[in-house]
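A.B. asks: Structure in structure tokens, see below.
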Amino acid sequence: MSKARLVYIMSLRNAAADQAGQYIDYKGGQRYMKSPLEYLAEALDRTPLGDAYSLEAVLFDDDEGSPRDREALRDYGFGFDPARRWIHPGELQVQGRRVNDMFHNVPSTYRRLPLDAAAERAAGKKEFEQRLLERLHALEADLVVLDGLLVILDRLARPESPFFRRIVNIHPGITRLESPFERRGAWATLDALYGARGQRVVDWRTRETVAVEPVRRTGASFHYVDTGIDSGEVIFDVLGTDIDSEDTILELRWNNFNHSLFPALHQGLALMAETVDA
């Protein structure tokens, strides 16, 4: 059986915010912050996932012409440099290839435009997704995995797209609306931390909160991508992370990656291996 060709899409600035590839302070000691990409590379080499998938490329949308992106990546840069931090060990390999040789930049340059330039941003977003589509076709992608992509896809996720239900996302929170542990959106981990402290944020701009019953668990969801925010059909989720109300954001992030997100990514891909056409 031929392997499904997998393409991974991410935002480096999100990995940098997680301090991916670094040792972080953890309960008086230190722990290594492994990124989902590093976990996936190891899983493809060491588990049966490697019999089902071949990792073809890692695409990232960060824009070197954007002052905001340059600031977000000031410690990491836009590519591997042995003199700087990076999101995984420089020697990391997957299926006989250096992971760093698989990176390709498809910058979301429309984000430089002011927020009130709605028509121009819409046109720029369309052009960005067209460039992504062309790259995915060139790579002959069978399945696309999003991890921390800080852009909401639109045209690529619509039913008329050739990649409809062929793009999935790994999200650090439970995305089922019916779940009492639901945490969608960009603030999912911080939202869970507030929840463990008996607070719900009602305005993320001001961090205004109201008192709620504490919820001291969180998890991760592996789901199809649609045109909403973490609203696609769930393929597999894991509710495996206990929250200490004294956690820092990075301590909780480490726990959730290791106890929920990595298992959800692994099991979700294992389930999809039975249905993806290669």
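As shown in the structure tokens, the chain order sets the letters A, B, ...; within each chain, residues go from 1, and ligands are also counted from 1 in the order they appear.
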I'd like a table as a tab-separated table: residues in stretch 154-176 of chain A with an atom no more than 7 Å from stretch 226-237 of chain A, each row giving the shortest atom pair and its distance in Å to one decimal, only C-alpha atoms counted, sorted by chain and rising residue number.
C.D. replies:
```
residue	atom	partner	partner_atom	distance
A:Asp154	CA	A:Thr227	CA	5.1
A:Ala157	CA	A:Asp226	CA	5.0
A:Arg158	CA	A:Asp226	CA	6.7
A:Ile174	CA	A:Asp237	CA	6.9
A:Thr175	CA	A:Asp230	CA	6.3
```
A.B. asks: Go ahead and write the residues just picked, N, CA and C atoms, as a compact mmCIF listing (two decimals), in the first residue's frame.
C.D. replies:
```txt
# COMPACT_ATOMS: atom_id res chain seq x y z
N ASP A 154 -10.21 29.91 4.39
CA ASP A 154 -11.57 30.11 3.89
C ASP A 154 -11.80 29.26 2.64
N ALA A 157 -11.10 25.54 2.57
CA ALA A 157 -11.91 24.69 3.44
C ALA A 157 -13.35 24.54 2.96
N ARG A 158 -13.70 25.19 1.85
CA ARG A 158 -15.07 25.13 1.36
C ARG A 158 -15.34 23.81 0.64
N ILE A 174 -10.53 21.20 23.85
CA ILE A 174 -11.68 20.44 23.37
C ILE A 174 -12.56 21.39 22.56
N THR A 175 -12.92 20.99 21.35
CA THR A 175 -13.67 21.89 20.47
C THR A 175 -15.16 21.56 20.39
```
A.B. asks: Could you go through stretch 18-123 of chain A and tell me which residues DSSP, when run on the backbone, assigns to helix (DSSP H, G or I), listing them as number ranges by chain?
C.D. replies: A: 36-46, 49-52, 67-72, 99-102, 109-112, 118-123
A.B. asks: Please write the residues from the selection above to a file, keeping N, CA and C atoms, as a JSON list (two decimals), in the first residue's frame.
C.D. replies:
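Generated file (selection-v4.json):
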```
[["chain", "number", "residue", "atom", "x", "y", "z"],
["A", 36, "PRO", "N", 4.67, 20.00, 18.40],
["A", 36, "PRO", "CA", 3.93, 18.93, 17.70],
["A", 36, "PRO", "C", 4.65, 18.43, 16.45],
["A", 37, "LEU", "N", 5.36, 19.32, 15.75],
["A", 37, "LEU", "CA", 6.11, 18.89, 14.57],
["A", 37, "LEU", "C", 7.21, 17.92, 14.95],
["A", 38, "GLU", "N", 7.96, 18.22, 16.00],
["A", 38, "GLU", "CA", 9.00, 17.30, 16.45],
["A", 38, "GLU", "C", 8.40, 15.97, 16.88],
["A", 39, "TYR", "N", 7.26, 16.03, 17.59],
["A", 39, "TYR", "CA", 6.59, 14.79, 17.98],
["A", 39, "TYR", "C", 6.20, 13.97, 16.75],
["A", 40, "LEU", "N", 5.63, 14.64, 15.74],
["A", 40, "LEU", "CA", 5.20, 13.93, 14.55],
["A", 40, "LEU", "C", 6.37, 13.30, 13.82],
["A", 41, "ALA", "N", 7.48, 14.02, 13.70],
["A", 41, "ALA", "CA", 8.66, 13.47, 13.02],
["A", 41, "ALA", "C", 9.13, 12.20, 13.72],
["A", 42, "GLU", "N", 9.16, 12.21, 15.05],
["A", 42, "GLU", "CA", 9.57, 11.02, 15.80],
["A", 42, "GLU", "C", 8.57, 9.89, 15.62],
["A", 43, "ALA", "N", 7.28, 10.21, 15.62],
["A", 43, "ALA", "CA", 6.26, 9.18, 15.48],
["A", 43, "ALA", "C", 6.31, 8.52, 14.11],
["A", 44, "LEU", "N", 6.60, 9.30, 13.07],
["A", 44, "LEU", "CA", 6.68, 8.73, 11.72],
["A", 44, "LEU", "C", 7.89, 7.80, 11.58],
["A", 45, "ASP", "N", 8.92, 8.03, 12.39],
["A", 45, "ASP", "CA", 10.11, 7.17, 12.35],
["A", 45, "ASP", "C", 10.00, 5.96, 13.28],
["A", 46, "ARG", "N", 9.20, 6.07, 14.33],
["A", 46, "ARG", "CA", 9.27, 5.06, 15.39],
["A", 46, "ARG", "C", 7.99, 4.26, 15.59],
["A", 49, "LEU", "N", 2.67, 4.79, 12.29],
["A", 49, "LEU", "CA", 2.23, 5.94, 11.49],
["A", 49, "LEU", "C", 3.13, 6.11, 10.27],
["A", 50, "GLY", "N", 4.40, 5.76, 10.42],
["A", 50, "GLY", "CA", 5.33, 5.90, 9.31],
["A", 50, "GLY", "C", 5.06, 4.94, 8.17],
["A", 51, "ASP", "N", 4.29, 3.90, 8.42],
["A", 51, "ASP", "CA", 3.89, 2.99, 7.34],
["A", 51, "ASP", "C", 2.73, 3.56, 6.54],
["A", 52, "ALA", "N", 2.01, 4.50, 7.14],
["A", 52, "ALA", "CA", 0.82, 5.06, 6.49],
["A", 52, "ALA", "C", 1.06, 6.40, 5.82],
["A", 67, "PRO", "N", 7.09, 43.87, 10.27],
["A", 67, "PRO", "CA", 7.76, 44.19, 11.53],
["A", 67, "PRO", "C", 7.22, 43.38, 12.71],
["A", 68, "ARG", "N", 5.93, 43.13, 12.72],
["A", 68, "ARG", "CA", 5.34, 42.35, 13.82],
["A", 68, "ARG", "C", 5.88, 40.93, 13.82],
["A", 69, "ASP", "N", 5.99, 40.31, 12.63],
["A", 69, "ASP", "CA", 6.51, 38.95, 12.57],
["A", 69, "ASP", "C", 7.99, 38.91, 12.94],
["A", 70, "ARG", "N", 8.76, 39.91, 12.49],
["A", 70, "ARG", "CA", 10.17, 39.95, 12.85],
["A", 70, "ARG", "C", 10.35, 40.08, 14.36],
["A", 71, "GLU", "N", 9.49, 40.86, 15.01],
["A", 71, "GLU", "CA", 9.56, 40.99, 16.45],
["A", 71, "GLU", "C", 9.18, 39.67, 17.13],
["A", 72, "ALA", "N", 8.13, 39.03, 16.65],
["A", 72, "ALA", "CA", 7.69, 37.76, 17.25],
["A", 72, "ALA", "C", 8.76, 36.68, 17.11],
["A", 99, "VAL", "N", 14.52, 17.52, 8.64],
["A", 99, "VAL", "CA", 13.28, 18.28, 8.70],
["A", 99, "VAL", "C", 13.52, 19.72, 8.23],
["A", 100, "ASN", "N", 14.67, 20.29, 8.60],
["A", 100, "ASN", "CA", 14.93, 21.67, 8.20],
["A", 100, "ASN", "C", 14.99, 21.85, 6.69],
["A", 101, "ASP", "N", 15.29, 20.80, 5.95],
["A", 101, "ASP", "CA", 15.33, 20.89, 4.49],
["A", 101, "ASP", "C", 13.93, 20.86, 3.87],
["A", 102, "MET", "N", 12.92, 20.62, 4.69],
["A", 102, "MET", "CA", 11.55, 20.46, 4.20],
["A", 102, "MET", "C", 10.73, 21.74, 4.36],
["A", 109, "THR", "N", 1.21, 37.75, 3.43],
["A", 109, "THR", "CA", 1.61, 39.16, 3.39],
["A", 109, "THR", "C", 0.43, 40.11, 3.56],
["A", 110, "TYR", "N", -0.78, 39.66, 3.30],
["A", 110, "TYR", "CA", -1.95, 40.54, 3.42],
["A", 110, "TYR", "C", -2.12, 41.04, 4.85],
["A", 111, "ARG", "N", -1.51, 40.36, 5.83],
["A", 111, "ARG", "CA", -1.65, 40.78, 7.22],
["A", 111, "ARG", "C", -0.96, 42.12, 7.49],
["A", 112, "ARG", "N", -0.11, 42.57, 6.58],
["A", 112, "ARG", "CA", 0.51, 43.90, 6.76],
["A", 112, "ARG", "C", -0.51, 45.02, 6.57],
["A", 118, "ALA", "N", -10.70, 46.46, 4.41],
["A", 118, "ALA", "CA", -11.37, 45.16, 4.29],
["A", 118, "ALA", "C", -11.27, 44.56, 2.90],
["A", 119, "ALA", "N", -11.53, 45.35, 1.87],
["A", 119, "ALA", "CA", -11.51, 44.82, 0.50],
["A", 119, "ALA", "C", -10.10, 44.37, 0.12],
["A", 120, "GLU", "N", -9.10, 45.17, 0.47],
["A", 120, "GLU", "CA", -7.72, 44.82, 0.13],
["A", 120, "GLU", "C", -7.27, 43.57, 0.89],
["A", 121, "ARG", "N", -7.66, 43.48, 2.16],
["A", 121, "ARG", "CA", -7.29, 42.30, 2.94],
["A", 121, "ARG", "C", -7.97, 41.04, 2.38],
["A", 122, "ALA", "N", -9.23, 41.16, 1.98],
["A", 122, "ALA", "CA", -9.93, 40.02, 1.41],
["A", 122, "ALA", "C", -9.26, 39.54, 0.13],
["A", 123, "ALA", "N", -8.85, 40.49, -0.71],
["A", 123, "ALA", "CA", -8.16, 40.13, -1.94],
["A", 123, "ALA", "C", -6.81, 39.49, -1.64]]
```
A.B. asks: Just checking: using only C-alpha atoms, which residue out of A:Tyr53, A:Arg183, A:Gln199, A:Pro172 ends up closest to A:Ser2?
C.D. replies: A:Tyr53
A.B. asks: Got a sec: who's within 10 Å of A:Lys27, counting only C-alpha atoms, leaving out chain neighbours fewer than 5 positions off, as a VMD selection string?
C.D. replies: chain A and resid 246 to 248 251
A.B. asks: Generate the output file for the selected residues, C-alpha atoms, as a compact mmCIF listing (two decimals), in the first residue's frame.
C.D. replies:
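Generated file (result-v8.txt):
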```txt
# COMPACT_ATOMS: atom_id res chain seq x y z
CA GLU A 246 -1.05 27.77 40.07
CA ASP A 247 0.25 26.67 36.65
CA THR A 248 1.96 29.20 34.44
CA GLU A 251 3.52 24.77 32.40
```
A.B. asks: Hey, what does DSSP flag as strand (DSSP E) within stretch 77-133 of chain A? Can you give it to me as a PDB file with C-alpha atoms, in the first residue's frame?
C.D. replies:
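Generated file (out_29.pdb):
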```
ATOM      1  CA  GLN A  93      15.256  13.886  10.729  1.00  0.00           C
ATOM      2  CA  VAL A  94      12.118  12.153   9.515  1.00  0.00           C
ATOM      3  CA  ARG A  97      15.349  13.507   5.460  1.00  0.00           C
ATOM      4  CA  ARG A  98      16.413  16.511   7.511  1.00  0.00           C
ATOM      5  CA  PHE A 103      10.567  24.015   5.198  1.00  0.00           C
ATOM      6  CA  HIS A 104       8.933  26.255   2.590  1.00  0.00           C
ATOM      7  CA  ASN A 105       7.679  29.788   3.205  1.00  0.00           C
TER       8      ASN A 105
END
```
A.B. asks: Taking 3 positions as the minimum chain separation for residues in the same chain, which residues sit within 12 Å of stretch 74-80 of chain A when counting only C-alpha atoms? Answer as a PDB file with C-alpha atoms, in the first residue's frame.
C.D. replies:
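Ended up saving to out.pdb:
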```pdb
ATOM      1  CA  SER A  11       3.056  29.663  11.970  1.00  0.00           C
ATOM      2  CA  LEU A  12       6.580  29.890  13.365  1.00  0.00           C
ATOM      3  CA  ARG A  13       5.516  32.819  15.552  1.00  0.00           C
ATOM      4  CA  ASN A  14       3.085  30.536  17.394  1.00  0.00           C
ATOM      5  CA  ALA A  15       5.823  27.971  18.029  1.00  0.00           C
ATOM      6  CA  ALA A  16       8.103  30.767  19.231  1.00  0.00           C
ATOM      7  CA  ALA A  17       5.447  31.924  21.710  1.00  0.00           C
ATOM      8  CA  ASP A  18       5.440  28.357  23.088  1.00  0.00           C
ATOM      9  CA  GLN A  19       9.262  28.461  23.331  1.00  0.00           C
ATOM     10  CA  ALA A  20       9.297  25.331  21.189  1.00  0.00           C
ATOM     11  CA  GLY A  21      12.630  23.533  21.116  1.00  0.00           C
ATOM     12  CA  GLN A  22      13.762  25.115  24.410  1.00  0.00           C
ATOM     13  CA  VAL A  58       6.484  21.899   6.232  1.00  0.00           C
ATOM     14  CA  LEU A  59       4.896  25.167   5.086  1.00  0.00           C
ATOM     15  CA  PHE A  60       4.900  28.297   7.246  1.00  0.00           C
ATOM     16  CA  ASP A  61       3.085  31.571   6.676  1.00  0.00           C
ATOM     17  CA  ASP A  62       5.332  33.995   8.581  1.00  0.00           C
ATOM     18  CA  ASP A  63       6.194  37.177   6.690  1.00  0.00           C
ATOM     19  CA  GLU A  64       9.787  38.409   6.893  1.00  0.00           C
ATOM     20  CA  GLY A  65       8.639  41.782   5.554  1.00  0.00           C
ATOM     21  CA  SER A  66       6.317  42.289   8.535  1.00  0.00           C
ATOM     22  CA  PRO A  67       7.765  44.189  11.528  1.00  0.00           C
ATOM     23  CA  ARG A  68       5.342  42.355  13.817  1.00  0.00           C
ATOM     24  CA  ASP A  69       6.511  38.946  12.575  1.00  0.00           C
ATOM     25  CA  ARG A  70      10.173  39.948  12.855  1.00  0.00           C
ATOM     26  CA  GLU A  71       9.561  40.988  16.454  1.00  0.00           C
ATOM     27  CA  ALA A  83      23.673  30.398  16.334  1.00  0.00           C
ATOM     28  CA  ARG A  84      20.014  31.008  17.307  1.00  0.00           C
ATOM     29  CA  ARG A  85      17.101  29.257  18.905  1.00  0.00           C
ATOM     30  CA  TRP A  86      15.063  26.942  16.734  1.00  0.00           C
ATOM     31  CA  ILE A  87      11.780  25.084  17.183  1.00  0.00           C
ATOM     32  CA  HIS A  88      13.430  21.649  17.193  1.00  0.00           C
ATOM     33  CA  PRO A  89      16.955  20.201  17.230  1.00  0.00           C
ATOM     34  CA  GLY A  90      18.819  21.128  14.069  1.00  0.00           C
ATOM     35  CA  GLU A  91      19.691  17.503  13.358  1.00  0.00           C
ATOM     36  CA  LEU A  92      16.080  16.280  13.557  1.00  0.00           C
ATOM     37  CA  ARG A  98      16.413  16.511   7.511  1.00  0.00           C
ATOM     38  CA  VAL A  99      13.276  18.283   8.699  1.00  0.00           C
ATOM     39  CA  ASN A 100      14.927  21.669   8.201  1.00  0.00           C
ATOM     40  CA  ASP A 101      15.329  20.894   4.491  1.00  0.00           C
ATOM     41  CA  MET A 102      11.554  20.464   4.201  1.00  0.00           C
ATOM     42  CA  PHE A 103      10.567  24.015   5.198  1.00  0.00           C
ATOM     43  CA  HIS A 104       8.933  26.255   2.590  1.00  0.00           C
ATOM     44  CA  ASN A 105       7.679  29.788   3.205  1.00  0.00           C
ATOM     45  CA  VAL A 106       4.261  30.850   1.878  1.00  0.00           C
ATOM     46  CA  PRO A 107       3.955  34.254   3.609  1.00  0.00           C
TER      47      PRO A 107
END
```
A.B. asks: Within 12 Å of stretch 28-35 of chain A, which residues of stretch 99-217 of chain A show up? Give each one with its shortest atom-to-atom distance in Å (one decimal) and the two atoms involved, counting only C-alpha atoms, rows by chain then rising residue number, as a Markdown table.
C.D. replies:
```
| residue | atom | partner | partner_atom | distance |
| --- | --- | --- | --- | --- |
| A:Asp147 | CA | A:Ser35 | CA | 9.5 |
| A:Gly148 | CA | A:Ser35 | CA | 10.3 |
| A:Ile170 | CA | A:Ser35 | CA | 12.0 |
```
A.B. asks: Can you pull out every residue within 12 Å of A:Ala4, counting only C-alpha atoms, but drop anything in the same chain fewer than 4 positions away, and send it as a PDB file with N, CA, C and O atoms, in the first residue's frame?
C.D. replies:
```pdb
ATOM      1  N   LEU A  49       2.666   4.792  12.295  1.00  0.00           N
ATOM      2  CA  LEU A  49       2.234   5.938  11.492  1.00  0.00           C
ATOM      3  C   LEU A  49       3.132   6.115  10.267  1.00  0.00           C
ATOM      4  O   LEU A  49       2.689   6.570   9.216  1.00  0.00           O
ATOM      5  N   GLY A  50       4.396   5.764  10.419  1.00  0.00           N
ATOM      6  CA  GLY A  50       5.333   5.899   9.313  1.00  0.00           C
ATOM      7  C   GLY A  50       5.064   4.943   8.170  1.00  0.00           C
ATOM      8  O   GLY A  50       5.558   5.154   7.050  1.00  0.00           O
ATOM      9  N   ASP A  51       4.293   3.898   8.422  1.00  0.00           N
ATOM     10  CA  ASP A  51       3.893   2.989   7.344  1.00  0.00           C
ATOM     11  C   ASP A  51       2.727   3.560   6.543  1.00  0.00           C
ATOM     12  O   ASP A  51       2.489   3.139   5.414  1.00  0.00           O
ATOM     13  N   ALA A  52       2.006   4.505   7.136  1.00  0.00           N
ATOM     14  CA  ALA A  52       0.816   5.064   6.494  1.00  0.00           C
ATOM     15  C   ALA A  52       1.065   6.405   5.824  1.00  0.00           C
ATOM     16  O   ALA A  52       0.377   6.757   4.858  1.00  0.00           O
ATOM     17  N   TYR A  53       2.046   7.172   6.340  1.00  0.00           N
ATOM     18  CA  TYR A  53       2.244   8.544   5.864  1.00  0.00           C
ATOM     19  C   TYR A  53       3.711   8.811   5.547  1.00  0.00           C
ATOM     20  O   TYR A  53       4.613   8.289   6.210  1.00  0.00           O
ATOM     21  N   SER A  54       3.907   9.679   4.570  1.00  0.00           N
ATOM     22  CA  SER A  54       5.228  10.268   4.336  1.00  0.00           C
ATOM     23  C   SER A  54       5.081  11.778   4.474  1.00  0.00           C
ATOM     24  O   SER A  54       4.189  12.380   3.880  1.00  0.00           O
ATOM     25  N   LEU A  55       5.952  12.379   5.288  1.00  0.00           N
ATOM     26  CA  LEU A  55       5.932  13.832   5.439  1.00  0.00           C
ATOM     27  C   LEU A  55       6.670  14.442   4.261  1.00  0.00           C
ATOM     28  O   LEU A  55       7.861  14.193   4.058  1.00  0.00           O
ATOM     29  N   GLU A  56       5.954  15.256   3.473  1.00  0.00           N
ATOM     30  CA  GLU A  56       6.515  15.807   2.246  1.00  0.00           C
ATOM     31  C   GLU A  56       7.085  17.207   2.423  1.00  0.00           C
ATOM     32  O   GLU A  56       8.063  17.566   1.761  1.00  0.00           O
ATOM     33  N   LEU A 139       3.061  19.632  -4.419  1.00  0.00           N
ATOM     34  CA  LEU A 139       3.548  18.597  -3.505  1.00  0.00           C
ATOM     35  C   LEU A 139       2.729  17.311  -3.589  1.00  0.00           C
ATOM     36  O   LEU A 139       3.066  16.328  -2.932  1.00  0.00           O
ATOM     37  N   GLU A 140       1.653  17.346  -4.366  1.00  0.00           N
ATOM     38  CA  GLU A 140       0.744  16.194  -4.508  1.00  0.00           C
ATOM     39  C   GLU A 140       0.256  15.728  -3.144  1.00  0.00           C
ATOM     40  O   GLU A 140       0.241  14.537  -2.827  1.00  0.00           O
ATOM     41  N   ALA A 141      -0.149  16.690  -2.328  1.00  0.00           N
ATOM     42  CA  ALA A 141      -0.578  16.397  -0.961  1.00  0.00           C
ATOM     43  C   ALA A 141      -1.865  15.582  -0.941  1.00  0.00           C
ATOM     44  O   ALA A 141      -2.813  15.873  -1.682  1.00  0.00           O
ATOM     45  N   ASP A 142      -1.881  14.575  -0.095  1.00  0.00           N
ATOM     46  CA  ASP A 142      -3.106  13.809   0.157  1.00  0.00           C
ATOM     47  C   ASP A 142      -3.819  14.300   1.407  1.00  0.00           C
ATOM     48  O   ASP A 142      -5.050  14.254   1.482  1.00  0.00           O
ATOM     49  N   LEU A 143      -3.053  14.754   2.395  1.00  0.00           N
ATOM     50  CA  LEU A 143      -3.618  15.219   3.659  1.00  0.00           C
ATOM     51  C   LEU A 143      -2.781  16.399   4.149  1.00  0.00           C
ATOM     52  O   LEU A 143      -1.553  16.382   4.050  1.00  0.00           O
ATOM     53  N   VAL A 144      -3.468  17.406   4.679  1.00  0.00           N
ATOM     54  CA  VAL A 144      -2.809  18.610   5.191  1.00  0.00           C
ATOM     55  C   VAL A 144      -3.116  18.720   6.685  1.00  0.00           C
ATOM     56  O   VAL A 144      -4.283  18.664   7.087  1.00  0.00           O
ATOM     57  N   ARG A 166      -9.803  17.320   3.533  1.00  0.00           N
ATOM     58  CA  ARG A 166      -8.441  16.803   3.443  1.00  0.00           C
ATOM     59  C   ARG A 166      -7.482  17.708   4.227  1.00  0.00           C
ATOM     60  O   ARG A 166      -6.281  17.526   4.176  1.00  0.00           O
ATOM     61  N   LEU A 269      -4.485  10.771  13.357  1.00  0.00           N
ATOM     62  CA  LEU A 269      -3.844  10.361  12.113  1.00  0.00           C
ATOM     63  C   LEU A 269      -3.994   8.858  11.886  1.00  0.00           C
ATOM     64  O   LEU A 269      -4.173   8.406  10.743  1.00  0.00           O
ATOM     65  N   ALA A 270      -3.928   8.074  12.951  1.00  0.00           N
ATOM     66  CA  ALA A 270      -4.110   6.628  12.811  1.00  0.00           C
ATOM     67  C   ALA A 270      -5.509   6.307  12.287  1.00  0.00           C
ATOM     68  O   ALA A 270      -5.671   5.445  11.411  1.00  0.00           O
ATOM     69  N   MET A 272      -7.413   8.327  10.479  1.00  0.00           N
ATOM     70  CA  MET A 272      -7.540   8.819   9.109  1.00  0.00           C
ATOM     71  C   MET A 272      -6.786   7.951   8.106  1.00  0.00           C
ATOM     72  O   MET A 272      -7.108   7.947   6.912  1.00  0.00           O
ATOM     73  N   ALA A 273      -5.778   7.228   8.560  1.00  0.00           N
ATOM     74  CA  ALA A 273      -5.006   6.375   7.653  1.00  0.00           C
ATOM     75  C   ALA A 273      -5.891   5.340   6.973  1.00  0.00           C
ATOM     76  O   ALA A 273      -5.559   4.861   5.880  1.00  0.00           O
ATOM     77  N   GLU A 274      -7.020   5.033   7.584  1.00  0.00           N
ATOM     78  CA  GLU A 274      -7.927   4.053   7.008  1.00  0.00           C
ATOM     79  C   GLU A 274      -8.801   4.631   5.910  1.00  0.00           C
ATOM     80  O   GLU A 274      -9.430   3.889   5.145  1.00  0.00           O
ATOM     81  N   THR A 275      -8.844   5.961   5.793  1.00  0.00           N
ATOM     82  CA  THR A 275      -9.775   6.599   4.852  1.00  0.00           C
ATOM     83  C   THR A 275      -9.104   7.507   3.833  1.00  0.00           C
ATOM     84  O   THR A 275      -9.709   7.813   2.803  1.00  0.00           O
ATOM     85  N   VAL A 276      -7.860   7.974   4.102  1.00  0.00           N
ATOM     86  CA  VAL A 276      -7.193   8.898   3.181  1.00  0.00           C
ATOM     87  C   VAL A 276      -6.780   8.159   1.925  1.00  0.00           C
ATOM     88  O   VAL A 276      -6.151   7.101   1.990  1.00  0.00           O
ATOM     89  N   ASP A 277      -7.130   8.705   0.775  1.00  0.00           N
ATOM     90  CA  ASP A 277      -6.707   8.124  -0.495  1.00  0.00           C
ATOM     91  C   ASP A 277      -5.280   8.545  -0.799  1.00  0.00           C
ATOM     92  O   ASP A 277      -4.969   9.745  -0.848  1.00  0.00           O
ATOM     93  N   ALA A 278      -4.419   7.586  -1.013  1.00  0.00           N
ATOM     94  CA  ALA A 278      -3.024   7.872  -1.340  1.00  0.00           C
ATOM     95  C   ALA A 278      -2.751   7.595  -2.826  1.00  0.00           C
ATOM     96  O   ALA A 278      -3.432   6.819  -3.442  1.00  0.00           O
TER      97      ALA A 278
END
```
A.B. asks: Pick out the residues sitting within 8 Å of A:Thr209, and hand them over as a ChimeraX atom specification; count only C-alpha atoms, and ignore anything fewer than 5 positions along from it in its own chain.
C.D. replies: /A:199-203
A.B. asks: Can you work out which one of A:Arg165, A:Arg207, A:His223, A:Arg217 has the shortest atom-to-atom distance to A:Asn255, counting only C-alpha atoms?
C.D. replies: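 For A:Asn255, the nearest of the given residues is A:Arg217.
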A.B. asks: What's the separation between atom CA of A:Gly198 and atom CA of A:Asp25, in Å to one decimal place?
C.D. replies: 24.6 Å
